[in-house]
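Enquirer: The structure is given below, and queries will be raised subsequently.
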Amino acid sequence: MTQRVMEFIVSPAVQVAVEVKNTADLPELVEGLKRLLKSDSCLHVEICLKDLQEDHAGMTLNIFDPVVGYPETLKAESSIVALPKSQNKHNCLYAKVMPLNEELAKAVKAGTINSRDDYKARACAFADDFFWDVTDARKIWCFGPDTAGPNLLVDITNGVHYLDEIKDSCIAAFQWAMKEGVCTEENMCGIPFNIVDITKLVYLQYVPSSLHLFRILISFTIEIQCPQNAIGGIDSVLNRCRNG
């Protein structure tokens, strides 16, 4: 009989806040949480809290009421093209969102399709199994949140320049946005964000070929009083400064 390791595909459903009774114990709590993450503790929240207090942190904690997360998603394609602008107002992104194919979202959650796949092979899978345009599938910038979730940032623009200059910033913003949805600040799920166009304000600077560096000359008058026999030396110094 062949034995295989079972794979669990889960997402956090309940969040519980804990705090130390004595602020001096905070470092021990942090280390205890790290050890809990590395352990094979049961996924049940009550058992996790028990292990944290008795084994990993070694202290009694204040435990607050559990909070159930509500991931945000879409049910229909957006009726308008959104126009977000960068903070400096120099870049305008035109984007549109729509629901992700449910089977594709499940495949991403299961790890069958992920950001580490060869992009050409992944694009073929998108086209064959989920009816994507293979060109669009090759231009997926990232998955999110945490570069692994079932949300996609896709570049479907044509003939747009300067994309490489803002790509990293767009990806960073996308990862952050996928963790904090607009309604409940929970993870978003099953949404491809299609960038349809990007405009960039370009400021041209004209530098003439005759440009030179120059010193600012300051004119002032001074009065020097000295013995008669020092006049010659002072005149020599002033002449050298004047001609320097």
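Quick note on naming: the chains in the structure tokens go A, B, ... in the order shown, residues restart at 1 in each chain, and ligands are numbered from 1 in order of appearance.
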Near range 116-118 of chain A, within 12 Å and counting only C-alpha atoms, which residues show up once chain neighbours fewer than 5 positions away are dropped, as a list in words?

Expert: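 Contacts, with the query itself left out: Val108, Gly111, Ala123, Cys124, Ala125, Phe126, Ala137, Arg138, Ile140, Trp141, Cys142, Phe143, Thr147 and Ala148 of chain A.
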
Enquirer: Leaving out Val18 in chain A and any residue of its chain fewer than 6 positions from it, which residues lie within 7 Å of it when counting only C-alpha atoms, given as a ChimeraX atom specification?

Expert: /A:61-64

Enquirer: Convert the current residue selection to file output with all heavy atoms, as a PDB file, in the first residue's frame.

Expert:
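As a result, result21.pdb now contains:
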```
ATOM      1  N   LEU A  61      -2.320  34.414  29.097  1.00  0.00           N
ATOM      2  CA  LEU A  61      -2.545  35.579  28.238  1.00  0.00           C
ATOM      3  C   LEU A  61      -3.981  36.069  28.362  1.00  0.00           C
ATOM      4  O   LEU A  61      -4.888  35.309  28.727  1.00  0.00           O
ATOM      5  CB  LEU A  61      -2.263  35.222  26.778  1.00  0.00           C
ATOM      6  CG  LEU A  61      -0.863  34.709  26.448  1.00  0.00           C
ATOM      7  CD1 LEU A  61      -0.820  34.171  25.026  1.00  0.00           C
ATOM      8  CD2 LEU A  61       0.166  35.814  26.628  1.00  0.00           C
ATOM      9  N   ASN A  62      -4.170  37.341  28.048  1.00  0.00           N
ATOM     10  CA  ASN A  62      -5.517  37.882  27.875  1.00  0.00           C
ATOM     11  C   ASN A  62      -5.975  37.525  26.467  1.00  0.00           C
ATOM     12  O   ASN A  62      -5.312  37.886  25.482  1.00  0.00           O
ATOM     13  CB  ASN A  62      -5.527  39.397  28.065  1.00  0.00           C
ATOM     14  CG  ASN A  62      -5.209  39.801  29.492  1.00  0.00           C
ATOM     15  OD1 ASN A  62      -5.562  39.099  30.439  1.00  0.00           O
ATOM     16  ND2 ASN A  62      -4.544  40.929  29.667  1.00  0.00           N
ATOM     17  N   ILE A  63      -7.075  36.814  26.362  1.00  0.00           N
ATOM     18  CA  ILE A  63      -7.572  36.355  25.069  1.00  0.00           C
ATOM     19  C   ILE A  63      -8.902  37.029  24.777  1.00  0.00           C
ATOM     20  O   ILE A  63      -9.823  37.000  25.603  1.00  0.00           O
ATOM     21  CB  ILE A  63      -7.735  34.822  25.064  1.00  0.00           C
ATOM     22  CG1 ILE A  63      -6.393  34.150  25.355  1.00  0.00           C
ATOM     23  CG2 ILE A  63      -8.298  34.347  23.727  1.00  0.00           C
ATOM     24  CD1 ILE A  63      -6.486  32.648  25.507  1.00  0.00           C
ATOM     25  N   PHE A  64      -8.992  37.643  23.599  1.00  0.00           N
ATOM     26  CA  PHE A  64     -10.202  38.376  23.226  1.00  0.00           C
ATOM     27  C   PHE A  64     -11.119  37.492  22.389  1.00  0.00           C
ATOM     28  O   PHE A  64     -10.739  36.419  21.920  1.00  0.00           O
ATOM     29  CB  PHE A  64      -9.821  39.649  22.471  1.00  0.00           C
ATOM     30  CG  PHE A  64      -9.022  40.612  23.297  1.00  0.00           C
ATOM     31  CD1 PHE A  64      -7.627  40.529  23.344  1.00  0.00           C
ATOM     32  CD2 PHE A  64      -9.643  41.590  24.053  1.00  0.00           C
ATOM     33  CE1 PHE A  64      -6.886  41.413  24.113  1.00  0.00           C
ATOM     34  CE2 PHE A  64      -8.908  42.473  24.825  1.00  0.00           C
ATOM     35  CZ  PHE A  64      -7.521  42.379  24.853  1.00  0.00           C
TER      36      PHE A  64
END
```

Enquirer: Near Leu29 in chain A, counting only C-alpha atoms, which residues have an atom at most 9 Å away, once you skip same-chain residues fewer than 2 positions from it, shown as a list in words?

Expert: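 These residues fall inside the cut-off: Glu19, Val20, Asp25, Leu26, Pro27, Glu31, Gly32, Leu33, Lys34, Leu52, Gln53, His56, Ala57, Gly58, Met59 and Leu61 of chain A.
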
Enquirer: Output as an NGL selection string all residues of range 21-95 of chain A that backbone DSSP marks as strand (DSSP E).

Expert: :A and (61-63 or 67-68 or 91-95)

Enquirer: Which residues of range 13-125 of chain A come within 8 Å of range 168-186 of chain A, and for each one, what is the closest pair of atoms and their distance in Å to one decimal, counting only C-alpha atoms, sorted by chain and residue number, as a Markdown table?

Expert:
```
| residue | atom | partner | partner_atom | distance |
| --- | --- | --- | --- | --- |
| A:Gly69 | CA | A:Glu186 | CA | 6.5 |
| A:Tyr70 | CA | A:Glu186 | CA | 6.2 |
| A:Pro71 | CA | A:Glu186 | CA | 5.3 |
| A:Glu72 | CA | A:Gly181 | CA | 6.3 |
```

Enquirer: What's the 7 Å shell around Pro99 in chain A, counting only C-alpha atoms, without same-chain residues fewer than 2 positions away, as a VMD selection string?

Expert: chain A and resid 74 to 77 101 190 to 192

Enquirer: Could you dump the residues just selected with N, CA, C and O atoms as a short mmCIF file (atom, residue, chain, number, x, y, z; two decimals), in the first residue's frame?

Expert:
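Generated file (again_23.cif):
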```cif
data_model
loop_
_atom_site.label_atom_id
_atom_site.label_comp_id
_atom_site.auth_asym_id
_atom_site.auth_seq_id
_atom_site.Cartn_x
_atom_site.Cartn_y
_atom_site.Cartn_z
N LEU A 74 -15.94 39.64 -6.11
CA LEU A 74 -16.85 40.27 -7.06
C LEU A 74 -17.82 39.25 -7.63
O LEU A 74 -17.49 38.07 -7.72
N LYS A 75 -18.97 39.73 -8.02
CA LYS A 75 -19.95 38.87 -8.68
C LYS A 75 -20.19 39.27 -10.13
O LYS A 75 -20.81 38.53 -10.89
N ALA A 76 -19.72 40.44 -10.52
CA ALA A 76 -19.94 40.90 -11.89
C ALA A 76 -18.79 41.80 -12.31
O ALA A 76 -18.08 42.37 -11.47
N GLU A 77 -18.60 41.91 -13.61
CA GLU A 77 -17.53 42.77 -14.15
C GLU A 77 -17.85 44.24 -13.87
O GLU A 77 -19.01 44.65 -13.90
N ASN A 101 -12.53 33.16 -12.82
CA ASN A 101 -13.14 31.85 -13.00
C ASN A 101 -13.03 31.04 -11.71
O ASN A 101 -11.95 30.93 -11.13
N GLY A 190 -10.37 36.02 -5.64
CA GLY A 190 -10.98 35.72 -6.93
C GLY A 190 -11.23 36.91 -7.81
O GLY A 190 -12.28 37.00 -8.45
N ILE A 191 -10.24 37.83 -7.89
CA ILE A 191 -10.42 39.04 -8.69
C ILE A 191 -9.18 39.28 -9.55
O ILE A 191 -8.09 39.47 -9.01
N PRO A 192 -9.31 39.28 -10.86
CA PRO A 192 -8.22 39.74 -11.71
C PRO A 192 -8.34 41.24 -11.97
O PRO A 192 -9.42 41.72 -12.33
#
```

Enquirer: Quick one: residues within 12 Å of Glu103 in chain A, only C-alpha atoms, excluding same-chain residues fewer than 5 positions away - as a list in words?

Expert: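 Within the cut-off, the hits are Val108, Lys109, Ala110, Thr112, Ile113, Phe126, Asp129, Phe130, Phe131, Pro150 and Gly190 of chain A.
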
Enquirer: Those residues you just picked out, can you put them in a file as a PDB file, in the first residue's frame with all heavy atoms?

Expert:
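Output saved as result22.pdb:
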```pdb
ATOM      1  N   VAL A 108      -5.601  27.930  -7.978  1.00  0.00           N
ATOM      2  CA  VAL A 108      -4.574  28.779  -7.370  1.00  0.00           C
ATOM      3  C   VAL A 108      -4.496  28.505  -5.871  1.00  0.00           C
ATOM      4  O   VAL A 108      -3.405  28.382  -5.302  1.00  0.00           O
ATOM      5  CB  VAL A 108      -4.872  30.269  -7.637  1.00  0.00           C
ATOM      6  CG1 VAL A 108      -3.889  31.161  -6.876  1.00  0.00           C
ATOM      7  CG2 VAL A 108      -4.798  30.571  -9.128  1.00  0.00           C
ATOM      8  N   LYS A 109      -5.645  28.385  -5.219  1.00  0.00           N
ATOM      9  CA  LYS A 109      -5.655  28.094  -3.784  1.00  0.00           C
ATOM     10  C   LYS A 109      -5.003  26.750  -3.485  1.00  0.00           C
ATOM     11  O   LYS A 109      -4.316  26.579  -2.477  1.00  0.00           O
ATOM     12  CB  LYS A 109      -7.087  28.112  -3.248  1.00  0.00           C
ATOM     13  CG  LYS A 109      -7.732  29.484  -3.208  1.00  0.00           C
ATOM     14  CD  LYS A 109      -9.152  29.373  -2.667  1.00  0.00           C
ATOM     15  CE  LYS A 109      -9.843  30.722  -2.618  1.00  0.00           C
ATOM     16  NZ  LYS A 109     -11.228  30.611  -2.111  1.00  0.00           N
ATOM     17  N   ALA A 110      -5.235  25.772  -4.382  1.00  0.00           N
ATOM     18  CA  ALA A 110      -4.683  24.437  -4.187  1.00  0.00           C
ATOM     19  C   ALA A 110      -3.204  24.362  -4.521  1.00  0.00           C
ATOM     20  O   ALA A 110      -2.548  23.380  -4.203  1.00  0.00           O
ATOM     21  CB  ALA A 110      -5.459  23.428  -5.031  1.00  0.00           C
ATOM     22  N   THR A 112      -2.077  24.269  -7.546  1.00  0.00           N
ATOM     23  CA  THR A 112      -1.905  23.657  -8.865  1.00  0.00           C
ATOM     24  C   THR A 112      -1.342  24.654  -9.856  1.00  0.00           C
ATOM     25  O   THR A 112      -0.554  24.305 -10.741  1.00  0.00           O
ATOM     26  CB  THR A 112      -3.250  23.109  -9.372  1.00  0.00           C
ATOM     27  OG1 THR A 112      -3.816  22.256  -8.379  1.00  0.00           O
ATOM     28  CG2 THR A 112      -3.074  22.339 -10.659  1.00  0.00           C
ATOM     29  N   ILE A 113      -1.759  25.899  -9.700  1.00  0.00           N
ATOM     30  CA  ILE A 113      -1.226  27.013 -10.496  1.00  0.00           C
ATOM     31  C   ILE A 113      -0.690  28.045  -9.532  1.00  0.00           C
ATOM     32  O   ILE A 113      -1.382  28.429  -8.582  1.00  0.00           O
ATOM     33  CB  ILE A 113      -2.319  27.627 -11.385  1.00  0.00           C
ATOM     34  CG1 ILE A 113      -2.772  26.620 -12.448  1.00  0.00           C
ATOM     35  CG2 ILE A 113      -1.839  28.906 -12.042  1.00  0.00           C
ATOM     36  CD1 ILE A 113      -3.900  27.115 -13.326  1.00  0.00           C
ATOM     37  N   PHE A 126      -3.788  28.313 -18.666  1.00  0.00           N
ATOM     38  CA  PHE A 126      -4.872  29.293 -18.579  1.00  0.00           C
ATOM     39  C   PHE A 126      -5.739  29.248 -19.833  1.00  0.00           C
ATOM     40  O   PHE A 126      -6.975  29.318 -19.759  1.00  0.00           O
ATOM     41  CB  PHE A 126      -4.293  30.698 -18.406  1.00  0.00           C
ATOM     42  CG  PHE A 126      -4.081  31.112 -16.983  1.00  0.00           C
ATOM     43  CD1 PHE A 126      -3.256  30.373 -16.143  1.00  0.00           C
ATOM     44  CD2 PHE A 126      -4.688  32.236 -16.471  1.00  0.00           C
ATOM     45  CE1 PHE A 126      -3.049  30.752 -14.829  1.00  0.00           C
ATOM     46  CE2 PHE A 126      -4.495  32.624 -15.153  1.00  0.00           C
ATOM     47  CZ  PHE A 126      -3.677  31.877 -14.330  1.00  0.00           C
ATOM     48  N   ASP A 129      -7.435  25.382 -20.153  1.00  0.00           N
ATOM     49  CA  ASP A 129      -8.350  24.933 -19.099  1.00  0.00           C
ATOM     50  C   ASP A 129      -9.354  25.987 -18.657  1.00  0.00           C
ATOM     51  O   ASP A 129     -10.435  25.647 -18.160  1.00  0.00           O
ATOM     52  CB  ASP A 129      -7.553  24.456 -17.886  1.00  0.00           C
ATOM     53  CG  ASP A 129      -6.626  23.304 -18.219  1.00  0.00           C
ATOM     54  OD1 ASP A 129      -6.915  22.570 -19.189  1.00  0.00           O
ATOM     55  OD2 ASP A 129      -5.598  23.138 -17.524  1.00  0.00           O
ATOM     56  N   PHE A 130      -8.978  27.266 -18.829  1.00  0.00           N
ATOM     57  CA  PHE A 130      -9.834  28.317 -18.275  1.00  0.00           C
ATOM     58  C   PHE A 130     -10.205  29.383 -19.304  1.00  0.00           C
ATOM     59  O   PHE A 130     -10.727  30.434 -18.949  1.00  0.00           O
ATOM     60  CB  PHE A 130      -9.144  28.962 -17.069  1.00  0.00           C
ATOM     61  CG  PHE A 130      -8.698  27.951 -16.036  1.00  0.00           C
ATOM     62  CD1 PHE A 130      -7.358  27.665 -15.876  1.00  0.00           C
ATOM     63  CD2 PHE A 130      -9.633  27.282 -15.261  1.00  0.00           C
ATOM     64  CE1 PHE A 130      -6.940  26.724 -14.934  1.00  0.00           C
ATOM     65  CE2 PHE A 130      -9.231  26.344 -14.323  1.00  0.00           C
ATOM     66  CZ  PHE A 130      -7.876  26.058 -14.158  1.00  0.00           C
ATOM     67  N   PHE A 131      -9.878  29.108 -20.575  1.00  0.00           N
ATOM     68  CA  PHE A 131     -10.334  29.921 -21.705  1.00  0.00           C
ATOM     69  C   PHE A 131      -9.833  31.366 -21.653  1.00  0.00           C
ATOM     70  O   PHE A 131     -10.536  32.296 -22.055  1.00  0.00           O
ATOM     71  CB  PHE A 131     -11.870  29.896 -21.795  1.00  0.00           C
ATOM     72  CG  PHE A 131     -12.430  28.507 -21.726  1.00  0.00           C
ATOM     73  CD1 PHE A 131     -13.092  28.067 -20.585  1.00  0.00           C
ATOM     74  CD2 PHE A 131     -12.280  27.624 -22.778  1.00  0.00           C
ATOM     75  CE1 PHE A 131     -13.592  26.786 -20.496  1.00  0.00           C
ATOM     76  CE2 PHE A 131     -12.781  26.326 -22.702  1.00  0.00           C
ATOM     77  CZ  PHE A 131     -13.441  25.912 -21.560  1.00  0.00           C
ATOM     78  N   PRO A 150      -5.452  34.047  -4.850  1.00  0.00           N
ATOM     79  CA  PRO A 150      -6.238  33.925  -6.078  1.00  0.00           C
ATOM     80  C   PRO A 150      -6.709  35.264  -6.645  1.00  0.00           C
ATOM     81  O   PRO A 150      -7.864  35.414  -7.052  1.00  0.00           O
ATOM     82  CB  PRO A 150      -7.420  33.068  -5.634  1.00  0.00           C
ATOM     83  CG  PRO A 150      -7.623  33.454  -4.211  1.00  0.00           C
ATOM     84  CD  PRO A 150      -6.259  33.736  -3.655  1.00  0.00           C
ATOM     85  N   GLY A 190     -10.368  36.022  -5.641  1.00  0.00           N
ATOM     86  CA  GLY A 190     -10.975  35.716  -6.927  1.00  0.00           C
ATOM     87  C   GLY A 190     -11.226  36.910  -7.813  1.00  0.00           C
ATOM     88  O   GLY A 190     -12.279  37.000  -8.451  1.00  0.00           O
TER      89      GLY A 190
END
```

Enquirer: Expressed in Å to a single decimal, how great is the separation between CA of Leu49 in chain A and CA of Val67 in chain A?

Expert: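 Taking CA of Leu49 in chain A and CA of Val67 in chain A, their separation equals 14.5 Å.
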
Enquirer: Output as a PyMOL selection string all residues of range 39-175 of chain A that backbone DSSP marks as helix (DSSP H, G or I).

Expert: chain A and resi 45-56+102-110+119-130+134-137+163-175
